[in-house]
Amino acid sequence: MTKITFVKHDGEKFEVDAENGTSVMNAAVDNLVPGIDADCGGECACATCHVYVDETWFPKTGGTNDAEEAIMSLNPDRQETSRLCCQVPVTDEMEGLVVRLPEFQF
Amino acid sequence: MSVSRDQYNTMMGRDPYSIPLEEYDMNQPEIYQANAQDKYFERLRKEAPVHYCKDSENGPYWSVTRYKDIMEVESNPEIYSSEPTIALADPEEDFDISMFIAMDEPKHGDQRKTVQDIVAPTSLANLEPVIRERIAGILDTLPVNETFNWVDKVSIELTGQMLATLFDFPFEQRRKLTYWSDVATCIPGPGELVETREQGRDILLNECLPAFVELWNQRVNEPPKGDLISMLAHGKETRDMNPMEFMGNLVLLIVGGNDTTRNSLSGGVNFLNENPDQYAKLMADQSLIPKMVPEIIRMQTPLSLMRRTATRDTVLGGQNIKKGDKVAIWFISGNRDEEMIDNPYDFIIDRDRPRQHLSFGFGIHRCMGNRLAEMQLRVTWEEILKRFEKVEVVGKPERAYSVLVRGITDLPVQLRPIAK
C-alpha cells in the first residue's frame, strides 16, 4: 500500500491508501475522491482524471505518453506537471505522493 | 429523394438471425425509425464485430460494433481520420463545408480550443441559473391534464432557447436555429423538411450564413465577450476562417447543441414511462438525478455513429482494413455491449459508473459540450420534479427517419401536477 494525498482546489485533502500496480486514478475512484470522474475507465480517452502533480514528485510519475499529450493539449488549463492519473501506475517510490485536483474538473 | 431499397439489401422486416451476414447493411434509416436496430447489432457484435458492407446508399463501409473496438478506433485518430467527414455520405464537391469535428490535428485542436471556453466549468456555473430560469419559464406555461407534444413544447423550445443564449442570437428568432439544425441533418425527400440536397444547401447558404455573418460583423467590432460568435470572431485560430469554415463550425455548434440535447430530453421522459419502477425510484429519491442523466444519454445515444476513414492499411478485430476505407463506429451498438455494460438493454437510473458509455465518443474528438448537456438535463429534471407527479406518455412516440440522429419527433404526454 502506498499513501497518496489528493488536494482539492480549495485546499481540502483526501488521503488514500493505494494498491501498488493499480493507477492513481483507480485509487481516487475506489476511495470516492471527488473531481476524478474517469469516464473512460482508464483508457486515456476522456481526460476527466486530470491532476497537477506536485513539482518534486513529477519526475517519479514517469512522464507523459503520446496519447496523454494529445488529449491534454486540448486543455487550456494544463500545466507543466499535468498528468492524466489513469496513466500513472502506483509504485513503492510514490509513498507520500501529492497531487492537486484542478478546479475545472468540479 | 427517397431511396429505393430494392437496390440494396433491405433489412427491415427480416429476421436478424436469418439474414446472411454479408447482406447486412445498417446504413438504412428505416431501421432506426422503427427502433429496430438492437437485434441486428446484437448479432453483429456476436458474429461479425468488425463487419464489411460491400455496398450501401453511401458505398462500402466497415461497421465496428463492440465497445472495446470502438475505443480502439477513437484512441487512434492518426489511423482513423475524421477527415473528410464524420458522416457516411461523402461531402458534395460544391458544398464542402468544413468543421472541426471533421478535422485532424493540429487544426482540430486549434479551432476547438477557441470555442471550448463556453463549456468550461466556470461558464457552466454562470449558465446554470439562466438555464434554470428558462426551464422554469417553459414548464410553468405548459397545459396540465391535456395532451400535447413534449418534443415541440419542451425539448425543442428549451434547446432553442439555450442555443440563442450561447450564440447571443436574437431571442425571438430562436426557432430559426432549430430549423437550420434540422435542415443540416435531415435526409432530403418528398414530404420531408427539404425535398432535395440543393434546397437544403441553399437555405444554409442564403439564410443561415448571412444571418451569422451579420452577427459576426457586429461582434468583431465590439470588445470580445462570452458568446460563441464573439469567440470565433476574435479567436486567433478562427478569426480568418473562410465562409465555408465559418458555416461548418456554426452548423457543428448548432447541431451539436440541438438534436442531441433535444432527443435526450424527450428520451428521458420515454424511458421513465417505459420503466415505471425506475420512475417510482426517482420520485422516492430525487438525489438520483445526477446518476440518471448519463443513463438517459447512454440509452438514447443521440448520435448513432461516427464515421472515420482509414489513413493506412490496418487490422482491427482480425479484419484487414484498407487505406481509404470508411469505418462506422456504432455508438448505439457499443452502448448495448453486454461485455462492458451489465444488463445493457435495461434503463437503470442508479447504475454504477453510469458515465461509462459511448454517447459522447472518446479521445480527442470527445463531445466538447458533454458537461453542458448533463447540466441541462439535470436542471430540467430537477425543475420537472418540483412541479409534476408524472409526465405521462399517452401515445406512441414517433421516431426520426435518420441513421445518424436518433431522434423522437412526437411524444404525446399529459402532465400530472403535484397535489398542493
# chains A, B, ... in the order shown; residues from 1 in each chain; ligands from 1
>>> interface_residues(of="chain B", to="chain A", cutoff="10 Å", atoms="only C-alpha atoms", output="NGL selection string")
:B and (71-72 or 74-77 or 105-106 or 108-114 or 116-117 or 120-122 or 353-358 or 360-367)
>>> write_last_selection(atoms="C-alpha atoms", output="CSV table (one decimal), in the first residue's frame")
chain,number,residue,atom,x,y,z
B,71,MET,CA,-12.5,2.6,-28.1
B,72,GLU,CA,-9.5,1.4,-30.1
B,74,GLU,CA,-11.3,6.5,-31.0
B,75,SER,CA,-7.9,6.2,-29.4
B,76,ASN,CA,-6.0,6.1,-32.7
B,77,PRO,CA,-7.1,9.2,-34.6
B,105,GLU,CA,-4.7,17.6,-35.7
B,106,PRO,CA,-3.4,20.2,-35.5
B,108,HIS,CA,-8.9,20.4,-35.0
B,109,GLY,CA,-7.3,21.2,-31.7
B,110,ASP,CA,-6.6,24.8,-32.6
B,111,GLN,CA,-10.2,25.6,-33.6
B,112,ARG,CA,-11.7,23.6,-30.8
B,113,LYS,CA,-9.7,25.4,-28.2
B,114,THR,CA,-11.1,28.7,-29.5
B,116,GLN,CA,-14.4,25.4,-25.7
B,117,ASP,CA,-14.3,28.1,-23.0
B,120,ALA,CA,-15.7,25.4,-19.3
B,121,PRO,CA,-16.8,24.8,-15.7
B,122,THR,CA,-16.8,28.5,-14.8
B,353,ARG,CA,-20.3,4.1,-13.2
B,354,PRO,CA,-23.2,5.5,-15.3
B,355,ARG,CA,-20.8,7.7,-17.3
B,356,GLN,CA,-19.2,4.6,-18.9
B,357,HIS,CA,-20.9,4.9,-22.2
B,358,LEU,CA,-20.0,5.9,-25.7
B,360,PHE,CA,-20.1,11.4,-26.3
B,361,GLY,CA,-17.4,9.4,-28.1
B,362,PHE,CA,-13.9,9.2,-26.6
B,363,GLY,CA,-10.5,10.5,-27.4
B,364,ILE,CA,-9.6,13.9,-28.9
B,365,HIS,CA,-13.0,14.3,-30.5
B,366,ARG,CA,-14.9,13.6,-27.4
B,367,CYS,CA,-18.0,15.8,-27.2
>>> residues_around(residues="region 84-98 of chain A", least_positions_apart="6", cutoff="7 Å", atoms="only C-alpha atoms", output="list in words")
Thr2, Lys3, Ile4, Thr5, Phe6, Glu19, Asn20, Gly21, Thr22, Ser23, Val24, Met25, Gly42, Cys44, Ala47, Cys49, His50, Val51, Val53, Asp54, Trp57, Thr61 and Glu68 of chain A
>>> atom_distance(atom1="CA of Asp346 (chain B)", atom2="CA of Met299 (chain B)")
8.4 Å
>>> closest_residue(among="B:Glu83, B:Glu146, B:Glu30, B:Glu47", to="Val391 (chain B)", atoms="only C-alpha atoms")
B:Glu146
>>> residues_around(residues="region 6-20 of chain B", least_positions_apart="5", cutoff="10 Å", atoms="only C-alpha atoms", output="ChimeraX atom specification")
/B:25-32,34,36-44,54-57
>>> residues_around(residues="Phe58 (chain A)", least_positions_apart="5", cutoff="10 Å", atoms="only C-alpha atoms", output="list in words")
Tyr52, Val53, Gly63, Thr64, Glu80, Thr81, Ser82, Arg83, Leu97, Val98 and Val99 of chain A
>>> select_by_dssp(residues="chain A", states="alpha helix (DSSP H)", output="PyMOL selection string")
chain A and resi 24-30+66-72
>>> residues_around(residues="Gln286 (chain B)", least_positions_apart="6", cutoff="12 Å", atoms="only C-alpha atoms", output="MDAnalysis selection string")
chainID B and resid 278:280 292:293 349:350 378:379 381:386
>>> select_by_dssp(residues="region 64-226 of chain B", states="strand (DSSP E or B)", output="ChimeraX atom specification")
/B:64,80-81,92,95,148-149
>>> write_last_selection(atoms="N, CA and C atoms", output="short mmCIF file (atom, residue, chain, number, x, y, z; two decimals), in the first residue's frame")
data_model
loop_
_atom_site.label_atom_id
_atom_site.label_comp_id
_atom_site.auth_asym_id
_atom_site.auth_seq_id
_atom_site.Cartn_x
_atom_site.Cartn_y
_atom_site.Cartn_z
N VAL B 64 -18.11 -1.13 -36.95
CA VAL B 64 -17.44 -1.54 -35.71
C VAL B 64 -18.49 -1.46 -34.61
N TYR B 80 -7.38 6.39 -37.80
CA TYR B 80 -8.80 6.55 -38.16
C TYR B 80 -9.12 8.03 -38.19
N SER B 81 -9.00 8.60 -39.37
CA SER B 81 -9.12 10.05 -39.53
C SER B 81 -10.57 10.50 -39.49
N GLU B 92 -20.33 16.86 -50.63
CA GLU B 92 -20.57 17.23 -52.02
C GLU B 92 -19.46 18.15 -52.49
N PHE B 95 -20.21 21.83 -52.12
CA PHE B 95 -20.67 22.32 -50.83
C PHE B 95 -19.85 21.67 -49.74
N PHE B 148 -50.32 17.09 -25.15
CA PHE B 148 -49.52 17.92 -26.06
C PHE B 148 -48.24 17.17 -26.42
N ASN B 149 -47.54 17.69 -27.44
CA ASN B 149 -46.30 17.06 -27.89
C ASN B 149 -45.11 17.61 -27.09
#
>>> residues_around(residues="Leu32 (chain A)", least_positions_apart="6", cutoff="10 Å", atoms="only C-alpha atoms", output="ChimeraX atom specification")
/A:14,16,26
>>> residues_around(residues="region 156-162 of chain B", least_positions_apart="3", cutoff="8 Å", atoms="only C-alpha atoms", output="PyMOL selection string")
chain B and resi 131+134-135+138+151-153+165-166+171+174-175+177-178+257-258+261-262
>>> write_last_selection(atoms="C-alpha atoms", output="CSV table (one decimal), in the first residue's frame")
chain,number,residue,atom,x,y,z
B,131,ILE,CA,-30.9,27.7,-17.8
B,134,ARG,CA,-35.6,29.5,-18.8
B,135,ILE,CA,-36.7,25.9,-18.0
B,138,ILE,CA,-41.2,26.9,-20.1
B,151,VAL,CA,-40.9,17.4,-28.2
B,152,ASP,CA,-42.2,20.6,-29.5
B,153,LYS,CA,-43.3,22.4,-26.4
B,165,THR,CA,-28.2,32.2,-25.3
B,166,LEU,CA,-24.9,30.5,-26.3
B,171,PHE,CA,-34.1,35.6,-28.9
B,174,ARG,CA,-34.6,31.3,-31.9
B,175,ARG,CA,-36.7,28.8,-33.8
B,177,LEU,CA,-31.7,27.9,-35.1
B,178,THR,CA,-33.7,24.8,-34.6
B,257,GLY,CA,-26.2,21.6,-29.0
B,258,ASN,CA,-29.6,21.0,-30.6
B,261,THR,CA,-30.0,17.5,-26.0
B,262,ARG,CA,-33.4,17.7,-27.5
>>> atom_distance(atom1="CA of Val50 (chain B)", atom2="CA of Ile70 (chain B)")
9.8 Å
>>> decode(residues="chain A", atoms="C-alpha atoms", output="PDB file, in the first residue's frame")
ATOM      1  CA  MET A   1       0.000   0.000   0.000  1.00  0.00           C
ATOM      2  CA  THR A   2       1.198   3.471  -0.874  1.00  0.00           C
ATOM      3  CA  LYS A   3      -0.094   6.672   0.662  1.00  0.00           C
ATOM      4  CA  ILE A   4      -1.321   9.290  -1.809  1.00  0.00           C
ATOM      5  CA  THR A   5      -2.770  12.690  -0.967  1.00  0.00           C
ATOM      6  CA  PHE A   6      -5.247  14.394  -3.280  1.00  0.00           C
ATOM      7  CA  VAL A   7      -5.633  18.118  -2.600  1.00  0.00           C
ATOM      8  CA  LYS A   8      -8.793  19.788  -3.841  1.00  0.00           C
ATOM      9  CA  HIS A   9      -8.510  23.242  -5.412  1.00  0.00           C
ATOM     10  CA  ASP A  10      -9.983  24.747  -2.242  1.00  0.00           C
ATOM     11  CA  GLY A  11      -7.371  23.026  -0.071  1.00  0.00           C
ATOM     12  CA  GLU A  12      -9.422  20.105   1.209  1.00  0.00           C
ATOM     13  CA  LYS A  13      -7.245  16.984   1.485  1.00  0.00           C
ATOM     14  CA  PHE A  14      -8.050  13.344   0.796  1.00  0.00           C
ATOM     15  CA  GLU A  15      -5.505  10.762   1.922  1.00  0.00           C
ATOM     16  CA  VAL A  16      -5.866   7.296   0.493  1.00  0.00           C
ATOM     17  CA  ASP A  17      -4.002   4.015   0.642  1.00  0.00           C
ATOM     18  CA  ALA A  18      -3.413   2.898  -2.913  1.00  0.00           C
ATOM     19  CA  GLU A  19      -2.682  -0.625  -4.012  1.00  0.00           C
ATOM     20  CA  ASN A  20       0.548  -0.989  -5.955  1.00  0.00           C
ATOM     21  CA  GLY A  21       0.072  -1.936  -9.587  1.00  0.00           C
ATOM     22  CA  THR A  22      -3.221  -0.087  -9.948  1.00  0.00           C
ATOM     23  CA  SER A  23      -3.331   3.506 -11.159  1.00  0.00           C
ATOM     24  CA  VAL A  24      -3.569   6.748  -9.232  1.00  0.00           C
ATOM     25  CA  MET A  25      -6.951   7.183 -10.947  1.00  0.00           C
ATOM     26  CA  ASN A  26      -8.160   3.855  -9.529  1.00  0.00           C
ATOM     27  CA  ALA A  27      -7.013   4.920  -6.082  1.00  0.00           C
ATOM     28  CA  ALA A  28      -9.089   8.081  -6.386  1.00  0.00           C
ATOM     29  CA  VAL A  29     -12.193   6.382  -7.745  1.00  0.00           C
ATOM     30  CA  ASP A  30     -12.037   3.488  -5.272  1.00  0.00           C
ATOM     31  CA  ASN A  31     -11.875   5.968  -2.411  1.00  0.00           C
ATOM     32  CA  LEU A  32     -14.549   8.317  -3.744  1.00  0.00           C
ATOM     33  CA  VAL A  33     -12.179  11.244  -4.139  1.00  0.00           C
ATOM     34  CA  PRO A  34     -14.246  13.993  -5.811  1.00  0.00           C
ATOM     35  CA  GLY A  35     -13.235  15.584  -9.115  1.00  0.00           C
ATOM     36  CA  ILE A  36     -11.892  12.384 -10.690  1.00  0.00           C
ATOM     37  CA  ASP A  37     -14.683  11.144 -12.935  1.00  0.00           C
ATOM     38  CA  ALA A  38     -12.620   8.838 -15.159  1.00  0.00           C
ATOM     39  CA  ASP A  39     -15.453   8.441 -17.636  1.00  0.00           C
ATOM     40  CA  CYS A  40     -13.481   6.164 -19.958  1.00  0.00           C
ATOM     41  CA  GLY A  41     -12.410   3.832 -17.174  1.00  0.00           C
ATOM     42  CA  GLY A  42      -8.679   4.325 -17.602  1.00  0.00           C
ATOM     43  CA  GLU A  43      -8.188   4.238 -21.376  1.00  0.00           C
ATOM     44  CA  CYS A  44      -6.579   7.669 -21.659  1.00  0.00           C
ATOM     45  CA  ALA A  45      -9.535   8.734 -23.772  1.00  0.00           C
ATOM     46  CA  CYS A  46     -11.642  11.214 -21.824  1.00  0.00           C
ATOM     47  CA  ALA A  47      -9.274  13.482 -19.862  1.00  0.00           C
ATOM     48  CA  THR A  48     -11.523  13.531 -16.791  1.00  0.00           C
ATOM     49  CA  CYS A  49      -8.795  12.370 -14.382  1.00  0.00           C
ATOM     50  CA  HIS A  50      -6.515  15.356 -14.895  1.00  0.00           C
ATOM     51  CA  VAL A  51      -4.281  16.172 -11.903  1.00  0.00           C
ATOM     52  CA  TYR A  52      -1.445  18.558 -11.204  1.00  0.00           C
ATOM     53  CA  VAL A  53       1.433  16.607  -9.699  1.00  0.00           C
ATOM     54  CA  ASP A  54       3.480  18.436  -7.091  1.00  0.00           C
ATOM     55  CA  GLU A  55       6.701  19.504  -8.793  1.00  0.00           C
ATOM     56  CA  THR A  56       9.033  17.467  -6.628  1.00  0.00           C
ATOM     57  CA  TRP A  57       7.009  14.361  -7.369  1.00  0.00           C
ATOM     58  CA  PHE A  58       6.581  14.874 -11.095  1.00  0.00           C
ATOM     59  CA  PRO A  59       9.744  13.036 -12.230  1.00  0.00           C
ATOM     60  CA  LYS A  60       8.709   9.970 -10.209  1.00  0.00           C
ATOM     61  CA  THR A  61       5.451   9.663 -12.160  1.00  0.00           C
ATOM     62  CA  GLY A  62       7.418   8.716 -15.252  1.00  0.00           C
ATOM     63  CA  GLY A  63       6.464  11.499 -17.672  1.00  0.00           C
ATOM     64  CA  THR A  64       3.553  11.790 -20.076  1.00  0.00           C
ATOM     65  CA  ASN A  65       2.977   9.468 -23.034  1.00  0.00           C
ATOM     66  CA  ASP A  66       1.885  10.463 -26.561  1.00  0.00           C
ATOM     67  CA  ALA A  67      -1.796   9.665 -26.141  1.00  0.00           C
ATOM     68  CA  GLU A  68      -1.863  11.649 -22.936  1.00  0.00           C
ATOM     69  CA  GLU A  69      -0.165  14.635 -24.587  1.00  0.00           C
ATOM     70  CA  ALA A  70      -2.604  14.565 -27.486  1.00  0.00           C
ATOM     71  CA  ILE A  71      -5.668  14.765 -25.308  1.00  0.00           C
ATOM     72  CA  MET A  72      -4.249  17.130 -22.666  1.00  0.00           C
ATOM     73  CA  SER A  73      -3.018  19.578 -25.294  1.00  0.00           C
ATOM     74  CA  LEU A  74      -6.660  20.493 -25.924  1.00  0.00           C
ATOM     75  CA  ASN A  75      -6.941  21.825 -22.400  1.00  0.00           C
ATOM     76  CA  PRO A  76      -6.055  25.495 -21.895  1.00  0.00           C
ATOM     77  CA  ASP A  77      -5.595  24.867 -18.161  1.00  0.00           C
ATOM     78  CA  ARG A  78      -2.968  22.188 -18.454  1.00  0.00           C
ATOM     79  CA  GLN A  79       0.224  22.878 -16.538  1.00  0.00           C
ATOM     80  CA  GLU A  80       3.839  21.735 -16.739  1.00  0.00           C
ATOM     81  CA  THR A  81       3.200  18.973 -14.239  1.00  0.00           C
ATOM     82  CA  SER A  82      -0.222  17.883 -15.510  1.00  0.00           C
ATOM     83  CA  ARG A  83      -0.915  14.162 -15.783  1.00  0.00           C
ATOM     84  CA  LEU A  84      -3.928  12.055 -16.584  1.00  0.00           C
ATOM     85  CA  CYS A  85      -3.707   9.945 -13.484  1.00  0.00           C
ATOM     86  CA  CYS A  86      -5.085   6.804 -15.147  1.00  0.00           C
ATOM     87  CA  GLN A  87      -1.664   6.758 -16.839  1.00  0.00           C
ATOM     88  CA  VAL A  88       0.247   6.864 -13.563  1.00  0.00           C
ATOM     89  CA  PRO A  89       0.829   3.432 -12.014  1.00  0.00           C
ATOM     90  CA  VAL A  90       1.172   3.287  -8.249  1.00  0.00           C
ATOM     91  CA  THR A  91       4.628   2.129  -7.143  1.00  0.00           C
ATOM     92  CA  ASP A  92       6.603   1.945  -3.896  1.00  0.00           C
ATOM     93  CA  GLU A  93       8.570   5.050  -4.844  1.00  0.00           C
ATOM     94  CA  MET A  94       5.384   7.074  -4.650  1.00  0.00           C
ATOM     95  CA  GLU A  95       4.862   6.781  -0.916  1.00  0.00           C
ATOM     96  CA  GLY A  96       3.645  10.235   0.120  1.00  0.00           C
ATOM     97  CA  LEU A  97       2.740  11.415  -3.426  1.00  0.00           C
ATOM     98  CA  VAL A  98       0.783  14.665  -3.510  1.00  0.00           C
ATOM     99  CA  VAL A  99      -1.412  15.599  -6.466  1.00  0.00           C
ATOM    100  CA  ARG A 100      -3.772  18.538  -6.816  1.00  0.00           C
ATOM    101  CA  LEU A 101      -7.267  18.374  -8.268  1.00  0.00           C
ATOM    102  CA  PRO A 102      -7.940  21.154 -10.797  1.00  0.00           C
ATOM    103  CA  GLU A 103     -10.963  23.351 -10.336  1.00  0.00           C
ATOM    104  CA  PHE A 104     -12.125  22.745 -13.923  1.00  0.00           C
ATOM    105  CA  GLN A 105     -12.989  19.163 -13.070  1.00  0.00           C
ATOM    106  CA  PHE A 106     -15.570  20.122 -10.475  1.00  0.00           C
TER     107      PHE A 106
END
